[in-house]
Amino acid sequence: MLKSKTFVKKTRSGGVMKVVREHYLRDDIWCGSEICTECKQDSTVLQRDACIESNLCTFPHYLVPDTNVVLHQIDVLEDPVICNVIILQTVLQEVRHRSAPVYKRLKDIIHEQGRHFYTFTNEHHRETFIEREPGESANDRNDRAIRVAVKWYSQHLKTDESGPDGVRVVLLTNDQGNKQKAEDNGLLVYRCNEYIKSLIANTELVDRLALSNEDKNEIASSKILFPEHLPLSKIQAGIKSGSFIQGTFRASRDNYLEATVFVQGEGEDSNEVLIQGLQNLNRAVHQDVVAVQLLPKNQWVAPSSVVLQDEGAAKDDDVDGDEEEKLVNSMKATGKVVGIIKRSWRPFCGMLNVSQIKESTRHLFTPADRRIPRIRIETRQASTLAGQRIMVAIDGWPKDSRYPNVRPFRMMYPTEKQRLLQHLVSIINDVWFRAILSDMAQRQDLRHLTVCSVDPPGCTDIDDALHCRELENGNLEVGVHIADVSHFIRPGNALDKEAANRGTTVYLCGKRIDMVPELLSSNLCSLRSNVERFAFSCIWEMNHNAEILKTRFTKSVINSKASLTYAEAQMRIDDTNKNDDITKSLRGLNKLAKILKRKRIENGALTLSSLEVRFHIDSETHDPIDLQTKELKETNSMVEEFMLLANISVAQKIYDEFPECALLRKHPAPPPSNYDILMKAAKSKNVTIHVDSAKALADSLDGAKVDGFQYFNTLLRILATRCMMQAVYFCSGMDSDFHHYGLASPIYTHFTSPIRRYADIIVHRLLAVAIGADSTYPDLMDKHKQSALCNNLNYRHKMSQYAQRASVAFHTQLFFKTRGILNEEGFVLFVRKNAIIVLIPKFGLEGTVFFDSKDKASPKLVFDEEIPGVSVPVPEAEPQAKKQKLDR
């Protein structure tokens, strides 16, 4: 059936053009229901028995949401509970025009098998198409089209509430006018929140409902708390003119009213801008990319010396109002956030703080990461969620709200049930793959070499193995053999896409979340002893002074002769009675490694320190039963030196071959202000630290010793680690600064851990192409795609670090919970005006000790920021006593 409309349109030249619009209608479009006896169809989508248990609809029914329900309640529709949904063509077209992100999410639901979402083309069905009436708005016409389609469905399916096979059609709308007209036409219609609240078997869906305008007005404060964010056009113009600065927002761990914005510059010109006060922070969240306007110099301030946690009190911009006058030389460039360029909002894990107001649905969520602000949650499940670990995602922060708002959240795991960390694995898709065998003739056979691996205890994903032997010419041959993961993971397949998305393996306490399936990570790719394995080998010929004479790279097949722990390898080296081939190889490697390390340090490489702890986990309860700091041996350094050397050698090779698309890793030099805490800590013991270069810093740290305080040097190295910038992956064609500050190397990459890092797989592919062992593919040579990949890898690496630290903190809490009070040696890392931050090396613990508490007033203290230190004045009755000073 053809419907046509003819109208006259004037042209630019003043003429008249006749326009005919044709709209084709059909009467054979099937309804999609399995109970239909009239439509001709090969299959069905809408099922009778997939009924949601509801107080309102105790009978089988199909749902038809209108456009606004889809636009504003897409979170609800995405829940697997919601099924048997008819999406009308009218609704789909409106959603497409009004919100591309919601349209994509809706299309994903429609294509999801088992959800029973059916798209009915009502605009081309003879009995459901309607013309727009004179004077009728497009929105009113579409609402009427939806009502007509619902009425048609009801008549077409011959729904009868009393019949045994009846299926009713329910219209969901939040438009009161539309609802009234539907009821007048005899349709079954409910408000969306009315229907969702009636789902007696799925009460958690209530918290996925978006707030109505009435609810938002009730929650929002009439007071404007924050300045308006500038639009992106003004921000870009301001950055171009130099009136604004772009940088990465870094919230303080210790003071929720303070942050810094890191501004990336060329070479060593990077710097930081201090931000203080709620209004100046202006709703920025940790890791957001923001636009900052510098304040006049007379408004510049120094970093706060107070530990300040958000307790929900109404604080203003006064971060440290009663503090003594700061010295001029401690002032820092200070600014305010004027706009957000890119949000870094992600799911945050934490705890719900239940409101003390009876029957209140408004509560605060406290993230586990102290750099993230507390978040406002609307939920009716507070009693159920109390004591649970939940995950939320911020979806907005209005200028009249003290806290950001969240999207619907989900429970992660009970804090007392560590074993439920297994849930982390359940969110990872299963990936099927097939190992591809290749012709052995394409590989160099190195099975005769005395190759062995040295790893931590319990390691099953063995990436690397080593060998050292003396050549006939008196030189030494040293080989680093890396698992050939790229042989099994081919570009573009499902396994490759999943590994690229994950980016890295995450190591939690007692649990490992693999980047690739276990069959690969712990079996086919793992360089286990006494089995043949494919490898990618980097082999050097060296003299006895560890000088490289020749370097070659080859795909190989090896047979590791031993899988040793660091302790086992150390015992072999130290045991003078052992003189077998494995031990000889280890001794040769260890001797060369010491020379390599000495040369690196002489060139300015840093030797820093961080506390790492190892938990012993009960195999049945999965609770920690013992905790100890990791002890480093010579063999740890031995393996590290050859991994570094291999990474540097491979980096130079792939850059020489592919200067525009090599995947490299750089470590920017920190801005001078980063070293303030380190220099003050050293000054407190009359030690001077020079930070002009990495070499100067390394030499200063080597000489930083205090008689009677053996741990002082380690503390300084721990602080120096915290002054460093984050190392990042980048594409060589998109950057000009390749230098790795910490290693004092002009070029560096990651080649040695492809089982647990996707960056290494890309580097393997580049190296394979460079030596003619494999073919290339377009994405590998596209510097823009490589750069985008690097951004994801950097993000995944950062998130992995957060997860690992959180896992250690969680297990530490479990470990000490039942052990009462313990006395252990501790050191003061930082002194603040109202607290000290203490480090306990034995357990790798760091915590804040406040001078005051809610039950007890703080003693009278005098804070000296320059030391920094806190003094307790001596009472006048005891003039002979001296001030007792607490400093670093």
# chains A, B, ... in the order shown; residues from 1 in each chain; ligands from 1
>>> residues_around(residues="Ser99 (chain A)", least_positions_apart="5", cutoff="9 Å", atoms="only C-alpha atoms", output="VMD selection string")
chain A and resid 71 94 104
>>> write_last_selection(atoms="N, CA and C atoms", output="mmCIF file, in the first residue's frame")
data_model
loop_
_atom_site.group_PDB
_atom_site.id
_atom_site.type_symbol
_atom_site.label_atom_id
_atom_site.label_comp_id
_atom_site.auth_asym_id
_atom_site.auth_seq_id
_atom_site.Cartn_x
_atom_site.Cartn_y
_atom_site.Cartn_z
ATOM 1 N N LEU A 71 14.915 6.876 26.995
ATOM 2 C CA LEU A 71 16.008 7.844 27.137
ATOM 3 C C LEU A 71 16.492 7.967 28.576
ATOM 4 N N GLU A 94 13.098 8.263 17.387
ATOM 5 C CA GLU A 94 13.229 9.425 18.273
ATOM 6 C C GLU A 94 14.485 9.323 19.127
ATOM 7 N N LYS A 104 22.787 3.566 20.944
ATOM 8 C CA LYS A 104 23.723 2.438 20.823
ATOM 9 C C LYS A 104 23.468 1.397 21.914
#
>>> residues_around(residues="region 236-251 of chain A", least_positions_apart="4", cutoff="9 Å", atoms="only C-alpha atoms", output="MDAnalysis selection string")
chainID A and resid 231:232 255:264 272:273 284:294 338 341 370:372
>>> residues_around(residues="Ala569 (chain A)", least_positions_apart="4", cutoff="12 Å", atoms="only C-alpha atoms", output="list of chain:residue names")
A:Cys452, A:Ser453, A:Val454, A:Asp455, A:Pro456, A:Pro457, A:Ala562, A:Ser563, A:Leu564, A:Thr565, A:Ile573, A:Asp574, A:Asp575, A:Lys578, A:Ile582, A:Thr583, A:Lys584, A:Ser585, A:Leu586, A:Arg587, A:Leu589, A:Asn590, A:Lys633, A:Glu634, A:Thr635, A:Asn636, A:Ser637, A:Met638, A:Val639
>>> residues_around(residues="Asp699 (chain A)", least_positions_apart="3", cutoff="10 Å", atoms="only C-alpha atoms", output="PDB file with N, CA and C atoms, in the first residue's frame")
ATOM      1  N   ILE A 601      74.364   2.414  37.348  1.00  0.00           N
ATOM      2  CA  ILE A 601      74.355   3.383  38.444  1.00  0.00           C
ATOM      3  C   ILE A 601      75.359   4.502  38.180  1.00  0.00           C
ATOM      4  N   GLU A 602      76.490   4.157  37.609  1.00  0.00           N
ATOM      5  CA  GLU A 602      77.480   5.182  37.268  1.00  0.00           C
ATOM      6  C   GLU A 602      76.937   6.156  36.228  1.00  0.00           C
ATOM      7  N   GLY A 604      73.914   7.122  36.134  1.00  0.00           N
ATOM      8  CA  GLY A 604      72.849   7.935  36.716  1.00  0.00           C
ATOM      9  C   GLY A 604      71.540   7.213  36.974  1.00  0.00           C
ATOM     10  N   ALA A 605      71.496   5.877  36.808  1.00  0.00           N
ATOM     11  CA  ALA A 605      70.263   5.144  37.094  1.00  0.00           C
ATOM     12  C   ALA A 605      69.972   5.197  38.588  1.00  0.00           C
ATOM     13  N   LEU A 606      68.699   5.254  38.937  1.00  0.00           N
ATOM     14  CA  LEU A 606      68.287   5.372  40.335  1.00  0.00           C
ATOM     15  C   LEU A 606      68.045   3.994  40.950  1.00  0.00           C
ATOM     16  N   ILE A 689      70.314  16.816  49.619  1.00  0.00           N
ATOM     17  CA  ILE A 689      69.991  16.025  48.435  1.00  0.00           C
ATOM     18  C   ILE A 689      70.005  16.942  47.218  1.00  0.00           C
ATOM     19  N   HIS A 690      70.755  16.541  46.197  1.00  0.00           N
ATOM     20  CA  HIS A 690      70.824  17.305  44.950  1.00  0.00           C
ATOM     21  C   HIS A 690      69.923  16.650  43.913  1.00  0.00           C
ATOM     22  N   VAL A 691      69.109  17.461  43.256  1.00  0.00           N
ATOM     23  CA  VAL A 691      68.124  16.908  42.325  1.00  0.00           C
ATOM     24  C   VAL A 691      68.273  17.512  40.930  1.00  0.00           C
ATOM     25  N   SER A 693      69.894  16.438  38.460  1.00  0.00           N
ATOM     26  CA  SER A 693      69.830  15.390  37.449  1.00  0.00           C
ATOM     27  C   SER A 693      69.636  14.056  38.157  1.00  0.00           C
ATOM     28  N   ALA A 694      69.325  13.018  37.377  1.00  0.00           N
ATOM     29  CA  ALA A 694      69.179  11.686  37.963  1.00  0.00           C
ATOM     30  C   ALA A 694      70.499  11.226  38.588  1.00  0.00           C
ATOM     31  N   LYS A 695      71.604  11.563  37.948  1.00  0.00           N
ATOM     32  CA  LYS A 695      72.915  11.192  38.471  1.00  0.00           C
ATOM     33  C   LYS A 695      73.176  11.879  39.800  1.00  0.00           C
ATOM     34  N   ALA A 696      72.857  13.169  39.890  1.00  0.00           N
ATOM     35  CA  ALA A 696      73.058  13.904  41.137  1.00  0.00           C
ATOM     36  C   ALA A 696      72.184  13.334  42.242  1.00  0.00           C
ATOM     37  N   ASP A 702      73.078   7.792  47.657  1.00  0.00           N
ATOM     38  CA  ASP A 702      74.132   6.858  48.083  1.00  0.00           C
ATOM     39  C   ASP A 702      74.871   7.372  49.311  1.00  0.00           C
ATOM     40  N   GLY A 703      75.031   8.690  49.395  1.00  0.00           N
ATOM     41  CA  GLY A 703      75.775   9.250  50.516  1.00  0.00           C
ATOM     42  C   GLY A 703      74.915   9.691  51.680  1.00  0.00           C
ATOM     43  N   ALA A 704      73.615   9.488  51.583  1.00  0.00           N
ATOM     44  CA  ALA A 704      72.690   9.961  52.632  1.00  0.00           C
ATOM     45  C   ALA A 704      72.611   8.952  53.763  1.00  0.00           C
TER      46      ALA A 704
END
>>> select_by_dssp(residues="region 487-595 of chain A", states="alpha helix (DSSP H)", output="PDB file with C-alpha atoms, in the first residue's frame")
ATOM      1  CA  ALA A 494      38.988 -12.752  19.684  1.00  0.00           C
ATOM      2  CA  LEU A 495      41.835 -13.682  21.995  1.00  0.00           C
ATOM      3  CA  ASP A 496      43.932 -10.744  20.789  1.00  0.00           C
ATOM      4  CA  LYS A 497      41.081  -8.262  21.235  1.00  0.00           C
ATOM      5  CA  GLU A 498      40.387  -9.489  24.764  1.00  0.00           C
ATOM      6  CA  ALA A 499      44.069  -9.337  25.739  1.00  0.00           C
ATOM      7  CA  ALA A 500      44.391  -5.828  24.262  1.00  0.00           C
ATOM      8  CA  ASN A 501      41.403  -4.655  26.269  1.00  0.00           C
ATOM      9  CA  ARG A 502      42.675  -6.119  29.554  1.00  0.00           C
ATOM     10  CA  GLU A 518      45.302 -20.093  31.931  1.00  0.00           C
ATOM     11  CA  LEU A 519      45.991 -22.757  29.316  1.00  0.00           C
ATOM     12  CA  TYR A 566      65.268 -16.704  43.754  1.00  0.00           C
ATOM     13  CA  ALA A 567      66.270 -18.441  46.977  1.00  0.00           C
ATOM     14  CA  GLU A 568      67.076 -21.743  45.225  1.00  0.00           C
ATOM     15  CA  ALA A 569      69.192 -19.982  42.608  1.00  0.00           C
ATOM     16  CA  GLN A 570      71.020 -18.046  45.347  1.00  0.00           C
ATOM     17  CA  MET A 571      71.804 -21.249  47.250  1.00  0.00           C
ATOM     18  CA  ARG A 572      73.256 -22.826  44.120  1.00  0.00           C
ATOM     19  CA  ILE A 573      75.480 -19.813  43.504  1.00  0.00           C
ATOM     20  CA  ASP A 574      76.674 -19.725  47.137  1.00  0.00           C
ATOM     21  CA  ASP A 581      76.127 -26.723  34.284  1.00  0.00           C
ATOM     22  CA  ILE A 582      73.107 -24.918  35.738  1.00  0.00           C
ATOM     23  CA  THR A 583      75.140 -23.542  38.635  1.00  0.00           C
ATOM     24  CA  LYS A 584      77.978 -22.463  36.313  1.00  0.00           C
ATOM     25  CA  SER A 585      75.476 -20.635  34.133  1.00  0.00           C
ATOM     26  CA  LEU A 586      73.963 -18.872  37.158  1.00  0.00           C
ATOM     27  CA  ARG A 587      77.362 -17.799  38.468  1.00  0.00           C
ATOM     28  CA  GLY A 588      78.325 -16.405  35.085  1.00  0.00           C
ATOM     29  CA  LEU A 589      75.071 -14.483  34.862  1.00  0.00           C
ATOM     30  CA  ASN A 590      75.422 -13.153  38.397  1.00  0.00           C
ATOM     31  CA  LYS A 591      78.972 -11.937  37.799  1.00  0.00           C
ATOM     32  CA  LEU A 592      77.994 -10.090  34.617  1.00  0.00           C
ATOM     33  CA  ALA A 593      74.859  -8.660  36.240  1.00  0.00           C
ATOM     34  CA  LYS A 594      76.903  -7.005  38.994  1.00  0.00           C
ATOM     35  CA  ILE A 595      79.042  -5.292  36.357  1.00  0.00           C
TER      36      ILE A 595
END
>>> select_by_dssp(residues="region 11-189 of chain A", states="strand (DSSP E or B)", output="VMD selection string")
chain A and resid 16 to 24 26 33 46 61 to 65 85 to 88 117 to 120 125 168 to 172 188 to 189
>>> closest_residue(among="A:Tyr190, A:Leu701, A:Ile755, A:His125", to="Arg26 (chain A)", atoms="only C-alpha atoms")
A:His125
>>> residues_around(residues="Arg717 (chain A)", least_positions_apart="5", cutoff="12 Å", atoms="only C-alpha atoms", output="PyMOL selection string")
chain A and resi 606-611+675+677-679+681-682+689+697-705+711-712+722-724+829
>>> write_last_selection(atoms="C-alpha atoms", output="PDB file, in the first residue's frame")
ATOM      1  CA  LEU A 606      68.287   5.372  40.335  1.00  0.00           C
ATOM      2  CA  THR A 607      68.085   2.684  42.982  1.00  0.00           C
ATOM      3  CA  LEU A 608      64.858   3.407  44.801  1.00  0.00           C
ATOM      4  CA  SER A 609      62.881   1.486  47.386  1.00  0.00           C
ATOM      5  CA  SER A 610      59.309   0.473  48.126  1.00  0.00           C
ATOM      6  CA  LEU A 611      57.942  -1.863  50.718  1.00  0.00           C
ATOM      7  CA  TYR A 675      61.279  16.777  45.490  1.00  0.00           C
ATOM      8  CA  ILE A 677      59.193  16.338  50.669  1.00  0.00           C
ATOM      9  CA  LEU A 678      62.432  14.470  49.987  1.00  0.00           C
ATOM     10  CA  MET A 679      64.670  17.504  50.521  1.00  0.00           C
ATOM     11  CA  ALA A 681      63.188  14.978  55.068  1.00  0.00           C
ATOM     12  CA  ALA A 682      66.923  14.965  54.358  1.00  0.00           C
ATOM     13  CA  ILE A 689      69.991  16.025  48.435  1.00  0.00           C
ATOM     14  CA  LEU A 697      70.047  12.393  42.909  1.00  0.00           C
ATOM     15  CA  ALA A 698      71.504   8.891  42.781  1.00  0.00           C
ATOM     16  CA  ASP A 699      74.849  10.067  44.195  1.00  0.00           C
ATOM     17  CA  SER A 700      73.107  12.066  46.942  1.00  0.00           C
ATOM     18  CA  LEU A 701      71.042   9.060  47.983  1.00  0.00           C
ATOM     19  CA  ASP A 702      74.132   6.858  48.083  1.00  0.00           C
ATOM     20  CA  GLY A 703      75.775   9.250  50.516  1.00  0.00           C
ATOM     21  CA  ALA A 704      72.690   9.961  52.632  1.00  0.00           C
ATOM     22  CA  LYS A 705      73.496   8.206  55.885  1.00  0.00           C
ATOM     23  CA  TYR A 711      66.982   2.780  58.187  1.00  0.00           C
ATOM     24  CA  PHE A 712      67.278   6.475  57.258  1.00  0.00           C
ATOM     25  CA  ARG A 722      57.000   8.868  45.633  1.00  0.00           C
ATOM     26  CA  CYS A 723      58.529  11.899  43.986  1.00  0.00           C
ATOM     27  CA  MET A 724      58.767  10.107  40.645  1.00  0.00           C
ATOM     28  CA  LEU A 829      57.342   9.494  57.228  1.00  0.00           C
TER      29      LEU A 829
END
>>> atom_distance(atom1="CA of Phe851 (chain A)", atom2="CA of Asn834 (chain A)")
5.7 Å
>>> closest_residue(among="A:His740, A:His750, A:Lys680, A:Arg346", to="Ala720 (chain A)", atoms="only C-alpha atoms")
A:Lys680
